[in-house]
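Raw model_38.cif, mmCIF, C-alpha atoms:
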data_data
loop_
_atom_site.label_atom_id
_atom_site.label_comp_id
_atom_site.auth_asym_id
_atom_site.auth_seq_id
_atom_site.Cartn_x
_atom_site.Cartn_y
_atom_site.Cartn_z
CA MET A 68 -25.58 59.25 -76.51
CA TRP A 69 -29.07 59.52 -78.00
CA LYS A 70 -28.46 56.32 -79.97
CA LEU A 71 -27.82 54.59 -76.67
CA LEU A 72 -30.96 56.06 -75.15
CA LEU A 73 -33.12 55.03 -78.05
CA LEU A 74 -32.07 51.43 -77.54
CA LEU A 75 -33.08 51.34 -73.88
CA ASN A 76 -36.52 49.88 -74.39
CA SER A 77 -36.30 48.10 -71.05
CA PHE A 78 -36.15 51.39 -69.14
CA ALA A 79 -39.39 50.56 -67.35
CA SER A 80 -37.59 47.88 -65.32
CA PRO A 81 -36.42 49.23 -61.93
CA ALA A 82 -33.52 46.77 -62.02
CA LEU A 83 -32.03 48.29 -65.17
CA THR A 84 -28.39 49.41 -64.83
CA LEU A 85 -27.67 52.46 -66.97
CA SER A 86 -24.40 53.41 -68.58
CA PRO A 87 -22.19 55.48 -66.25
CA SER A 88 -21.49 57.91 -69.08
CA SER A 89 -22.46 61.51 -68.42
CA PRO A 90 -25.97 62.30 -69.68
CA SER A 91 -26.23 64.78 -72.51
CA THR A 92 -29.07 66.86 -73.81
CA LEU A 93 -29.79 69.05 -76.76
CA PRO A 94 -28.96 72.68 -75.90
CA LEU A 95 -31.73 75.24 -76.08
CA SER A 96 -31.74 77.22 -79.30
CA THR A 97 -31.00 80.92 -79.58
CA HIS A 98 -34.71 81.46 -80.22
CA SER A 99 -35.73 79.57 -77.06
CA LEU A 100 -33.30 81.59 -74.94
CA ALA A 101 -34.60 84.83 -76.46
CA GLU A 102 -38.16 83.85 -75.58
CA ILE A 103 -37.21 83.31 -71.92
CA LYS A 104 -35.30 86.61 -71.79
CA ALA A 105 -38.37 88.42 -73.13
CA GLY A 106 -40.68 86.92 -70.49
CA ARG A 107 -42.28 84.42 -72.82
CA ILE A 108 -42.24 80.62 -72.85
CA ALA A 109 -39.73 78.42 -74.66
CA ILE A 110 -41.20 75.25 -76.19
CA VAL A 111 -38.99 72.37 -77.33
CA ASP A 112 -40.71 69.34 -78.87
CA GLY A 113 -39.03 65.94 -78.74
CA TYR A 114 -36.66 67.02 -75.98
CA LEU A 115 -36.56 63.43 -74.71
CA PRO A 116 -36.98 60.40 -77.02
CA GLU A 117 -40.16 58.37 -76.85
CA PRO A 118 -38.70 55.27 -75.08
CA ILE A 119 -37.56 57.46 -72.18
CA ILE A 120 -40.90 59.23 -71.97
CA THR A 121 -42.67 55.86 -71.91
CA ALA A 122 -40.37 54.58 -69.14
CA LEU A 123 -40.74 57.74 -67.06
CA LEU A 124 -44.52 57.57 -67.38
CA SER A 125 -44.46 53.94 -66.24
CA ASP A 126 -42.34 54.90 -63.23
CA ALA A 127 -44.66 57.79 -62.34
CA LYS A 128 -47.80 55.66 -62.58
CA SER A 129 -46.32 52.86 -60.48
CA LEU A 130 -45.29 55.29 -57.71
CA TYR A 131 -48.71 56.91 -57.82
CA ALA A 132 -50.35 53.48 -57.45
CA LEU A 133 -48.18 52.91 -54.37
CA ASN A 134 -49.51 56.14 -52.78
CA TYR A 135 -46.25 58.10 -52.89
CA PHE A 136 -47.97 61.15 -54.42
CA GLU A 137 -49.38 63.95 -52.23
CA PRO A 138 -51.73 66.88 -52.93
CA ASP A 139 -49.73 69.98 -53.81
CA ALA A 140 -50.28 73.30 -52.07
CA LEU A 141 -51.04 74.94 -55.41
CA SER A 142 -54.11 72.71 -55.65
CA SER A 143 -55.80 75.13 -53.25
CA TYR A 144 -54.30 78.31 -54.70
CA GLY A 145 -56.90 80.99 -54.12
CA PHE A 146 -59.34 78.56 -52.51
CA LYS A 147 -59.98 77.01 -49.11
CA ASN A 148 -57.50 74.32 -48.10
CA ASP A 149 -59.70 71.43 -49.20
CA PHE A 150 -58.41 68.73 -51.58
CA ASP A 151 -60.70 66.57 -53.69
CA PRO A 152 -58.74 63.60 -55.15
CA ALA A 153 -60.92 63.69 -58.24
CA ILE A 154 -59.85 67.23 -59.18
CA THR A 155 -56.45 67.59 -57.52
CA ARG A 156 -52.89 68.20 -58.65
CA GLN A 157 -50.61 65.74 -56.88
CA VAL A 158 -46.81 65.49 -56.80
CA LEU A 159 -44.09 63.01 -55.91
CA ARG A 160 -42.12 64.76 -53.18
CA SER A 161 -38.37 65.19 -53.58
CA GLN A 162 -37.46 62.72 -50.82
CA PHE A 163 -39.24 60.00 -52.78
CA TRP A 164 -37.82 61.15 -56.14
CA HIS A 165 -34.31 60.66 -54.74
CA ASP A 166 -35.04 57.39 -52.91
CA GLU A 167 -32.83 54.70 -54.47
CA GLY A 168 -35.20 51.99 -53.26
CA LEU A 169 -38.31 53.29 -55.03
CA GLY A 170 -39.33 52.58 -58.61
CA ASN A 171 -36.87 53.17 -61.43
CA ALA A 172 -34.31 55.20 -59.48
CA SER A 173 -31.57 54.69 -62.08
CA LEU A 174 -33.75 56.31 -64.74
CA ARG A 175 -34.58 59.27 -62.48
CA ARG A 176 -30.89 59.68 -61.66
CA TYR A 177 -30.03 59.70 -65.36
CA LEU A 178 -32.70 62.29 -66.05
CA GLY A 179 -31.30 64.38 -63.19
CA GLY A 180 -28.03 64.64 -65.09
CA ILE A 181 -29.83 65.79 -68.24
CA ILE A 182 -31.70 68.44 -66.27
CA ALA A 183 -28.49 69.57 -64.56
CA ASN A 184 -26.96 70.18 -68.00
CA LEU A 185 -29.99 72.26 -68.93
CA ARG A 186 -29.59 74.25 -65.72
CA HIS A 187 -25.94 74.99 -66.43
CA GLN A 188 -26.76 76.21 -69.93
CA LEU A 189 -29.46 78.53 -68.59
CA SER A 190 -27.10 79.81 -65.92
CA ASN A 191 -24.53 80.77 -68.56
CA GLN A 192 -26.84 82.05 -71.28
CA LEU A 193 -29.21 84.00 -69.02
CA ASP A 194 -26.42 85.46 -66.89
CA ARG A 195 -27.73 83.92 -63.68
CA PRO A 196 -24.52 82.50 -62.20
CA SER A 197 -25.99 81.28 -58.92
CA LEU A 198 -28.15 78.77 -60.80
CA SER A 199 -25.02 76.62 -60.96
CA THR A 200 -22.79 78.02 -58.21
CA GLY A 201 -23.10 78.98 -54.58
CA THR A 202 -25.67 77.95 -52.01
CA SER A 203 -28.38 77.02 -54.51
CA ASN A 204 -26.29 74.48 -56.44
CA TYR A 205 -28.07 71.28 -55.52
CA MET A 206 -31.15 69.05 -55.64
CA VAL A 207 -31.55 68.28 -59.34
CA ASP A 208 -28.13 66.61 -59.50
CA TRP A 209 -27.90 63.15 -57.98
CA PRO A 210 -27.12 62.24 -55.21
CA ASP A 211 -24.85 64.95 -53.78
CA GLU A 212 -26.88 68.00 -54.78
CA LYS A 213 -30.48 67.42 -53.83
CA LYS A 214 -31.63 70.05 -51.38
CA LYS A 215 -32.87 73.22 -53.04
CA HIS A 216 -33.55 72.90 -56.75
CA GLU A 217 -36.97 71.30 -57.15
CA ILE A 218 -38.01 68.31 -59.26
CA SER A 219 -40.99 65.97 -59.07
CA TYR A 220 -43.49 63.90 -60.98
CA THR A 221 -46.80 65.74 -61.26
CA ARG A 222 -50.22 64.17 -61.83
CA TYR A 223 -53.36 66.08 -62.79
CA SER A 224 -56.61 64.23 -62.22
CA THR A 225 -59.50 64.61 -64.64
CA LEU A 226 -60.89 68.16 -64.22
CA ALA A 227 -57.85 69.26 -62.16
CA SER A 228 -56.65 72.77 -62.92
CA LEU A 229 -54.69 75.69 -61.50
CA PRO A 230 -55.84 79.32 -61.52
CA ARG A 231 -53.70 82.13 -62.90
CA HIS A 232 -50.56 82.82 -60.87
CA THR A 233 -46.82 83.41 -61.02
CA ASP A 234 -44.36 80.91 -59.54
CA GLU A 235 -42.26 83.41 -57.60
CA HIS A 236 -42.55 86.92 -56.23
CA SER A 237 -40.76 89.38 -54.00
CA GLU A 238 -39.92 88.27 -50.46
CA GLU A 239 -41.86 91.31 -49.28
CA LEU A 240 -45.06 89.63 -50.49
CA LYS A 241 -44.48 86.30 -48.73
CA LYS A 242 -45.70 87.43 -45.31
CA LEU A 243 -44.07 85.40 -42.49
CA GLU A 244 -41.95 83.39 -44.94
CA GLY A 245 -40.33 86.49 -46.40
CA TRP A 246 -36.52 86.54 -46.27
CA SER A 247 -36.49 83.17 -44.47
CA ARG A 248 -34.71 81.21 -47.23
CA PRO A 249 -31.37 81.73 -48.99
CA THR A 250 -32.71 80.96 -52.48
CA ARG A 251 -35.76 81.57 -54.62
CA ARG A 252 -37.31 80.15 -57.77
CA SER A 253 -35.76 81.55 -60.91
CA ILE A 254 -36.66 79.25 -63.83
CA SER A 255 -39.75 77.04 -64.16
CA TRP A 256 -39.73 73.98 -66.42
CA LEU A 257 -41.84 70.95 -67.32
CA ILE A 258 -41.43 67.83 -69.44
CA TYR A 259 -44.74 66.23 -70.40
CA LEU A 260 -45.14 62.46 -70.20
CA ASN A 261 -48.39 61.98 -72.12
CA ASP A 262 -49.13 60.62 -75.60
CA LYS A 263 -47.66 62.56 -78.52
CA THR A 264 -51.21 62.78 -79.89
CA TRP A 265 -52.70 64.15 -76.65
CA VAL A 266 -56.00 66.04 -77.20
CA ASN A 267 -57.54 65.81 -73.72
CA GLY A 268 -57.15 69.36 -72.46
CA GLY A 269 -54.87 70.24 -69.57
CA GLU A 270 -53.17 73.01 -71.54
CA LEU A 271 -50.68 75.33 -69.92
CA ARG A 272 -52.09 78.80 -70.63
CA THR A 273 -49.58 81.65 -70.46
CA TYR A 274 -50.09 85.42 -70.56
CA PRO A 275 -46.98 87.04 -72.07
CA ARG A 276 -46.86 90.77 -72.70
CA LYS A 277 -47.48 91.88 -76.28
CA PHE A 278 -44.60 94.36 -76.19
CA ASP A 279 -40.94 93.44 -75.77
CA PRO A 280 -39.19 94.65 -72.60
CA THR A 281 -36.80 97.59 -72.71
CA GLY A 282 -34.15 95.66 -70.79
CA PRO A 283 -33.46 92.59 -68.62
CA ILE A 284 -36.45 91.17 -66.79
CA SER A 285 -37.11 89.34 -63.52
CA ARG A 286 -34.46 90.92 -61.28
CA SER A 287 -32.29 94.02 -61.19
CA PRO A 288 -28.47 93.79 -61.03
CA ASP A 289 -28.61 93.95 -57.22
CA LEU A 290 -31.22 91.15 -57.12
CA ASP A 291 -34.36 93.19 -56.40
CA LEU A 292 -37.25 91.33 -58.01
CA GLN A 293 -39.60 92.60 -60.68
CA VAL A 294 -43.17 93.26 -59.54
CA GLY A 295 -44.72 94.92 -62.57
CA TRP A 296 -44.46 96.78 -65.86
CA LEU A 297 -44.83 100.28 -67.18
CA SER A 298 -46.94 99.44 -70.20
CA GLY A 299 -46.02 100.28 -73.78
CA PRO A 300 -46.21 100.72 -76.66
CA PRO A 301 -43.64 100.62 -78.06
CA SER A 302 -42.00 98.62 -75.24
CA ASP A 303 -42.75 97.58 -71.67
CA VAL A 304 -40.45 98.82 -68.90
CA PRO A 305 -39.73 96.33 -66.07
CA VAL A 306 -40.59 97.72 -62.62
CA PHE A 307 -38.67 96.39 -59.62
CA LEU A 308 -39.22 96.57 -55.86
CA SER A 309 -36.39 98.03 -53.81
CA THR A 310 -36.43 96.97 -50.19
CA THR A 311 -34.35 97.38 -47.03
CA PRO A 312 -36.02 95.07 -44.48
CA ASN A 313 -35.89 95.72 -40.74
CA THR A 314 -35.22 99.43 -41.19
CA HIS A 315 -38.63 101.13 -40.92
CA SER A 316 -42.24 100.38 -41.83
CA ASN A 317 -42.24 102.14 -45.22
CA HIS A 318 -39.06 100.53 -46.50
CA CYS A 319 -40.05 99.72 -50.10
CA GLN A 320 -40.02 101.74 -53.31
CA LEU A 321 -40.75 100.96 -56.94
CA PHE A 322 -38.01 101.72 -59.45
CA ILE A 323 -36.93 101.22 -63.03
CA TYR A 324 -33.29 100.57 -63.88
CA ASP A 325 -31.12 102.79 -66.07
CA TYR A 326 -28.52 100.43 -67.54
CA GLU A 327 -26.57 103.23 -69.20
CA LYS A 328 -26.04 104.98 -65.84
CA ASN A 329 -26.08 101.71 -63.89
CA SER A 330 -28.50 103.20 -61.37
CA LYS A 331 -32.01 102.91 -59.96
CA GLU A 332 -34.61 105.53 -60.87
CA PHE A 333 -37.33 105.56 -58.22
CA ILE A 334 -40.89 106.09 -59.43
CA SER A 335 -42.89 105.87 -56.18
CA ILE A 336 -42.97 107.21 -52.66
CA PRO A 337 -41.73 104.85 -49.90
CA PHE A 338 -44.39 102.38 -48.76
CA ALA A 339 -45.02 99.07 -46.99
CA ALA A 340 -45.39 96.38 -49.68
CA ASP A 341 -47.63 94.10 -47.61
CA PRO A 342 -50.59 94.34 -47.88
CA LEU A 343 -50.71 97.07 -50.54
CA LEU A 344 -48.94 95.29 -53.42
CA TYR A 345 -50.41 91.93 -52.41
CA LEU A 346 -54.08 92.95 -52.31
CA ALA A 347 -54.48 96.06 -54.41
CA GLY A 348 -55.21 96.39 -58.09
CA ASP A 349 -53.20 98.49 -60.54
CA GLY A 350 -55.32 101.62 -60.09
CA CYS A 351 -55.01 101.65 -56.30
CA VAL A 352 -51.24 101.23 -56.51
CA GLN A 353 -50.93 104.11 -58.95
CA GLN A 354 -53.11 106.44 -56.90
CA PHE A 355 -51.58 105.70 -53.51
CA MET A 356 -47.92 105.69 -54.57
CA LYS A 357 -48.10 108.79 -56.79
CA LEU A 358 -46.13 107.09 -59.55
CA GLN A 359 -43.98 109.50 -61.56
CA HIS A 360 -40.66 109.60 -63.39
CA LYS A 361 -38.57 112.76 -63.77
CA GLY A 362 -41.55 114.89 -62.75
CA ARG A 363 -43.94 113.27 -65.22
CA SER A 364 -46.94 111.30 -64.00
CA LEU A 365 -47.06 107.60 -64.82
CA SER A 366 -50.78 107.41 -64.17
CA GLY A 367 -52.44 104.53 -65.97
CA ARG A 368 -49.23 102.78 -67.05
CA PHE A 369 -48.40 100.50 -64.09
CA ARG A 370 -49.34 96.80 -64.37
CA LYS A 371 -48.77 94.26 -61.60
CA LEU A 372 -47.27 90.88 -62.44
CA GLU A 373 -49.37 89.06 -59.87
CA PRO A 374 -53.13 88.73 -60.32
CA PRO A 375 -55.14 90.70 -57.74
CA HIS A 376 -55.79 88.81 -54.52
CA THR A 377 -59.28 90.08 -53.75
CA LYS A 378 -62.37 88.88 -55.59
CA ALA A 379 -63.41 92.41 -56.53
CA ASP A 380 -60.05 93.29 -58.05
CA ALA A 381 -59.82 89.93 -59.80
CA PHE A 382 -63.23 90.54 -61.40
CA LEU A 383 -62.24 94.03 -62.53
CA HIS A 384 -58.92 92.67 -63.84
CA SER A 385 -60.74 90.10 -65.99
CA LEU A 386 -62.94 92.79 -67.53
CA ALA A 387 -60.28 95.41 -68.12
CA ASP A 388 -59.78 96.10 -71.81
CA LYS A 389 -56.20 97.22 -71.15
CA ASN A 390 -55.23 93.72 -70.06
CA LYS A 391 -56.71 92.15 -73.18
CA GLN A 392 -54.90 94.69 -75.34
CA GLU A 393 -51.52 94.29 -73.64
CA GLU A 394 -51.34 90.52 -73.11
CA ASP A 395 -51.26 87.58 -75.47
CA VAL A 396 -52.84 84.24 -74.59
CA VAL A 397 -50.68 81.25 -75.50
CA ASP A 398 -51.95 77.70 -74.88
CA ILE A 399 -49.47 74.80 -74.83
CA LEU A 400 -50.75 71.24 -75.16
CA PRO A 401 -49.04 68.77 -72.77
CA ILE A 402 -47.87 66.35 -75.48
CA GLY A 403 -45.28 63.70 -74.61
CA GLY A 404 -41.61 64.66 -74.88
CA ARG A 405 -42.31 68.40 -74.93
CA LEU A 406 -40.14 70.64 -72.72
CA VAL A 407 -41.35 74.09 -71.66
CA VAL A 408 -39.16 76.64 -69.86
CA PHE A 409 -40.02 80.12 -68.57
CA ASP A 410 -39.05 82.73 -66.02
CA SER A 411 -40.61 82.02 -62.62
CA VAL A 412 -41.14 85.69 -61.70
CA VAL A 413 -42.62 87.43 -64.72
CA LEU A 414 -44.85 85.03 -66.67
CA PRO A 415 -48.44 84.63 -65.37
CA HIS A 416 -49.91 81.25 -66.24
CA GLU A 417 -52.63 78.77 -65.39
CA VAL A 418 -53.44 75.13 -66.14
CA LEU A 419 -56.73 74.29 -67.85
CA PRO A 420 -58.79 71.24 -66.84
CA CYS A 421 -58.05 67.81 -68.26
CA PHE A 422 -60.88 65.81 -69.83
CA GLU A 423 -61.38 62.03 -69.75
CA LYS A 424 -57.76 61.19 -68.89
CA GLU A 425 -55.26 61.96 -66.15
CA ARG A 426 -52.03 63.60 -67.25
CA PHE A 427 -48.46 63.32 -65.99
CA ALA A 428 -45.40 65.54 -66.23
CA ILE A 429 -42.03 66.12 -64.63
CA SER A 430 -42.00 69.61 -63.18
CA GLY A 431 -39.29 71.61 -61.51
CA TRP A 432 -37.79 74.95 -60.58
CA PHE A 433 -34.17 76.06 -60.75
CA HIS A 434 -33.24 78.31 -57.84
CA GLU A 435 -30.84 81.20 -57.67
CA ASP A 436 -29.52 82.96 -54.59
CA GLN A 437 -31.77 85.39 -52.79
CA LYS A 438 -30.78 89.02 -52.26
CA HIS A 439 -28.53 89.27 -49.22
CA ILE A 440 -29.92 91.46 -46.42
#

Structure re-expressed in structure tokens:
Amino acid sequence: MWKLLLLLNSFASPALTLSPSSPSTLPLSTHSLAEIKAGRIAIVDGYLPEPIITALLSDAKSLYALNYFEPDALSSYGFKNDFDPAITRQVLRSQFWHDEGLGNASLRRYLGGIIANLRHQLSNQLDRPSLSTGTSNYMVDWPDEKKKHEISYTRYSTLASLPRHTDEHSEELKKLEGWSRPTRRSISWLIYLNDKTWVNGGELRTYPRKFDPTGPISRSPDLDLQVGWLSGPPSDVPVFLSTTPNTHSNHCQLFIYDYEKNSKEFISIPFAADPLLYLAGDGCVQQFMKLQHKGRSLSGRFRKLEPPHTKADAFLHSLADKNKQEEDVVDILPIGGRLVVFDSVVLPHEVLPCFEKERFAISGWFHEDQKHI
């Protein structure tokens, strides 16, 4: 199949008719899967051959020139809702991505099949069955499954950036939108469409933990989402948020999961997650919730996944020596053909400014089913 793809130098033509054969893709390596399971980022160079990258970039630029791109909500993450085209992240919305009458639709459809194969592998290897079954099984595939998985072209203008954030978090922290949708983001991925010799900034900066987790990350067996860590060494313990909405005001508790006993071990008093977990820093959470495990205080060990949402806490977070000691900083250049994949819940990341040149990528999120309430 790759031999066929390498010969398709005319991909940039919207009129091109592609082979009806099923798209294939190189499976992720054991190492890449282990990186995702540990809350780090998987990096695969040369995931797509250069002729396809060139054709996809041509398609993205032509659709941008026709004004089909829109400012993305993340462009104002943490700031006032004010978009400057010169420093903005813009995306091609899904309805345009799937429009057969726009640009090189046959190429985008073919890529959708490749991405669907990637999704199925991740579903099997990460033990996340609803990535490929159930109510979240559509949107990347073409044209019958195009409603909930997310995929788009992304353009960063010169100087455009994104502050530190995570791509998904507990429904309890989504305010009015909480529990309103049947699925949530599970896996984040990008394929860069720039030159292979790109040196113009725009790095994806990630903040993985230095210590390996003691067990599975991101969600517990009953689909409660991870909200933090109990810091190591020697290992970090995932902390999840148990919730029973519409029962009473203090309906949340933090817990760790004992996989030998197949049970939750609660480490906090009951509380209301919003606004406490949304606004407060680690110290406030630890003091208010009286964190302990089997009668022993956990004071000083709790770390939130999300960055603090007040300026004061954000400033203190940036200065805290504990964060510098417990997190690595990994920068990934957006070179053409490179695929990156990571867990949407647990890996904090940001995008550094581009210099001199705009940059393009294909970005997306695979969804899995939300906890049923």

Top pick for closest residue to Glu270 in chain A, considering A:Leu189, A:Val396, A:Ile218, A:Leu321 and counting all atoms listed in the file: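 Of all the options, A:Val396 lies closest to Glu270 in chain A.
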
Expected selection from the PyMOL selection byres ((chain A and resi 100-112) around 9), given as a PyMOL selection string: chain A and resi 95-99+113-115+189+192-193+273-276+279-280+282-285+397+399+402-410+412-414

Box for range 186-191 of chain A - axis-aligned, 6 Å on each of the six sides, all listed atoms - centre and size in Å to one decimal, as lines of an AutoDock Vina configuration file.
center_x = -27.1
center_y = 77.5
center_z = -67.8
size_x = 17.1
size_y = 18.5
size_z = 16.2

Non-local contacts of range 224-241 of chain A (6 Å; all atoms listed in the file; under 4 positions in same chain excluded) as a ChimeraX atom specification: /A:153-155,245-246,252,292,341,411-412,415-422,424-425

Coordinates-based distance that separates CA of Arg186 in chain A from CA of Tyr131 in chain A (Å, one decimal): 27.0 Å

Nearest to Asn184 in chain A by atom-to-atom distance, counting only C-alpha atoms, from A:Tyr326, A:Phe433, A:Phe136, A:Phe307: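 Counting only C-alpha atoms, the residue closest to Asn184 in chain A is A:Phe433.
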
Point-to-point distance from CA of Tyr324 in chain A to CA of Thr200 in chain A, Å rounded to tenths: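 One can read the CA of Tyr324 in chain A to CA of Thr200 in chain A distance as 25.5 Å.
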
Option closest in space to Ala183 in chain A, from A:Pro138, A:Arg251, A:Pro94, A:Gly299 [counting all atoms listed in the file]: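 For Ala183 in chain A, the nearest of the given residues is A:Pro94.
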
My structure is short of atoms at range 124-132 of chain A; please model all heavy atoms there, returning them as a short mmCIF file (atom, residue, chain, number, x, y, z; two decimals), in the frame of the given file.
data_model
loop_
_atom_site.label_atom_id
_atom_site.label_comp_id
_atom_site.auth_asym_id
_atom_site.auth_seq_id
_atom_site.Cartn_x
_atom_site.Cartn_y
_atom_site.Cartn_z
N LEU A 124 -43.09 57.64 -67.67
CA LEU A 124 -44.52 57.57 -67.38
C LEU A 124 -44.85 56.31 -66.59
O LEU A 124 -45.65 56.34 -65.64
CB LEU A 124 -45.31 57.61 -68.68
CG LEU A 124 -46.83 57.50 -68.55
CD1 LEU A 124 -47.40 58.64 -67.70
CD2 LEU A 124 -47.50 57.49 -69.93
N SER A 125 -44.24 55.19 -66.96
CA SER A 125 -44.46 53.94 -66.24
C SER A 125 -44.00 54.07 -64.79
O SER A 125 -44.69 53.61 -63.86
CB SER A 125 -43.72 52.80 -66.93
OG SER A 125 -43.84 51.60 -66.21
N ASP A 126 -42.85 54.70 -64.59
CA ASP A 126 -42.34 54.90 -63.23
C ASP A 126 -43.28 55.79 -62.42
O ASP A 126 -43.61 55.49 -61.26
CB ASP A 126 -40.95 55.53 -63.31
CG ASP A 126 -40.26 55.63 -61.96
OD1 ASP A 126 -40.27 54.64 -61.20
OD2 ASP A 126 -39.72 56.71 -61.65
N ALA A 127 -43.75 56.88 -63.03
CA ALA A 127 -44.66 57.79 -62.34
C ALA A 127 -45.96 57.09 -61.95
O ALA A 127 -46.45 57.22 -60.82
CB ALA A 127 -44.95 59.00 -63.21
N LYS A 128 -46.53 56.33 -62.88
CA LYS A 128 -47.80 55.66 -62.58
C LYS A 128 -47.64 54.61 -61.49
O LYS A 128 -48.54 54.44 -60.64
CB LYS A 128 -48.36 55.03 -63.86
CG LYS A 128 -48.93 56.04 -64.85
CD LYS A 128 -49.58 55.34 -66.04
CE LYS A 128 -50.30 56.32 -66.94
NZ LYS A 128 -50.97 55.67 -68.10
N SER A 129 -46.52 53.90 -61.50
CA SER A 129 -46.32 52.86 -60.48
C SER A 129 -46.16 53.49 -59.10
O SER A 129 -46.70 52.98 -58.11
CB SER A 129 -45.12 52.00 -60.83
OG SER A 129 -43.91 52.75 -60.77
N LEU A 130 -45.46 54.62 -59.00
CA LEU A 130 -45.29 55.29 -57.71
C LEU A 130 -46.60 55.92 -57.25
O LEU A 130 -46.87 55.97 -56.04
CB LEU A 130 -44.18 56.34 -57.81
CG LEU A 130 -42.77 55.77 -58.01
CD1 LEU A 130 -41.77 56.89 -58.25
CD2 LEU A 130 -42.35 54.92 -56.83
N TYR A 131 -47.40 56.40 -58.20
CA TYR A 131 -48.71 56.91 -57.82
C TYR A 131 -49.59 55.78 -57.27
O TYR A 131 -50.28 55.95 -56.25
CB TYR A 131 -49.40 57.56 -59.02
CG TYR A 131 -50.82 57.99 -58.73
CD1 TYR A 131 -51.07 59.11 -57.95
CD2 TYR A 131 -51.90 57.25 -59.21
CE1 TYR A 131 -52.37 59.51 -57.66
CE2 TYR A 131 -53.20 57.63 -58.92
CZ TYR A 131 -53.43 58.76 -58.14
OH TYR A 131 -54.72 59.14 -57.84
N ALA A 132 -49.55 54.62 -57.90
CA ALA A 132 -50.35 53.48 -57.45
C ALA A 132 -49.94 53.02 -56.05
O ALA A 132 -50.76 52.47 -55.30
CB ALA A 132 -50.23 52.33 -58.44
#
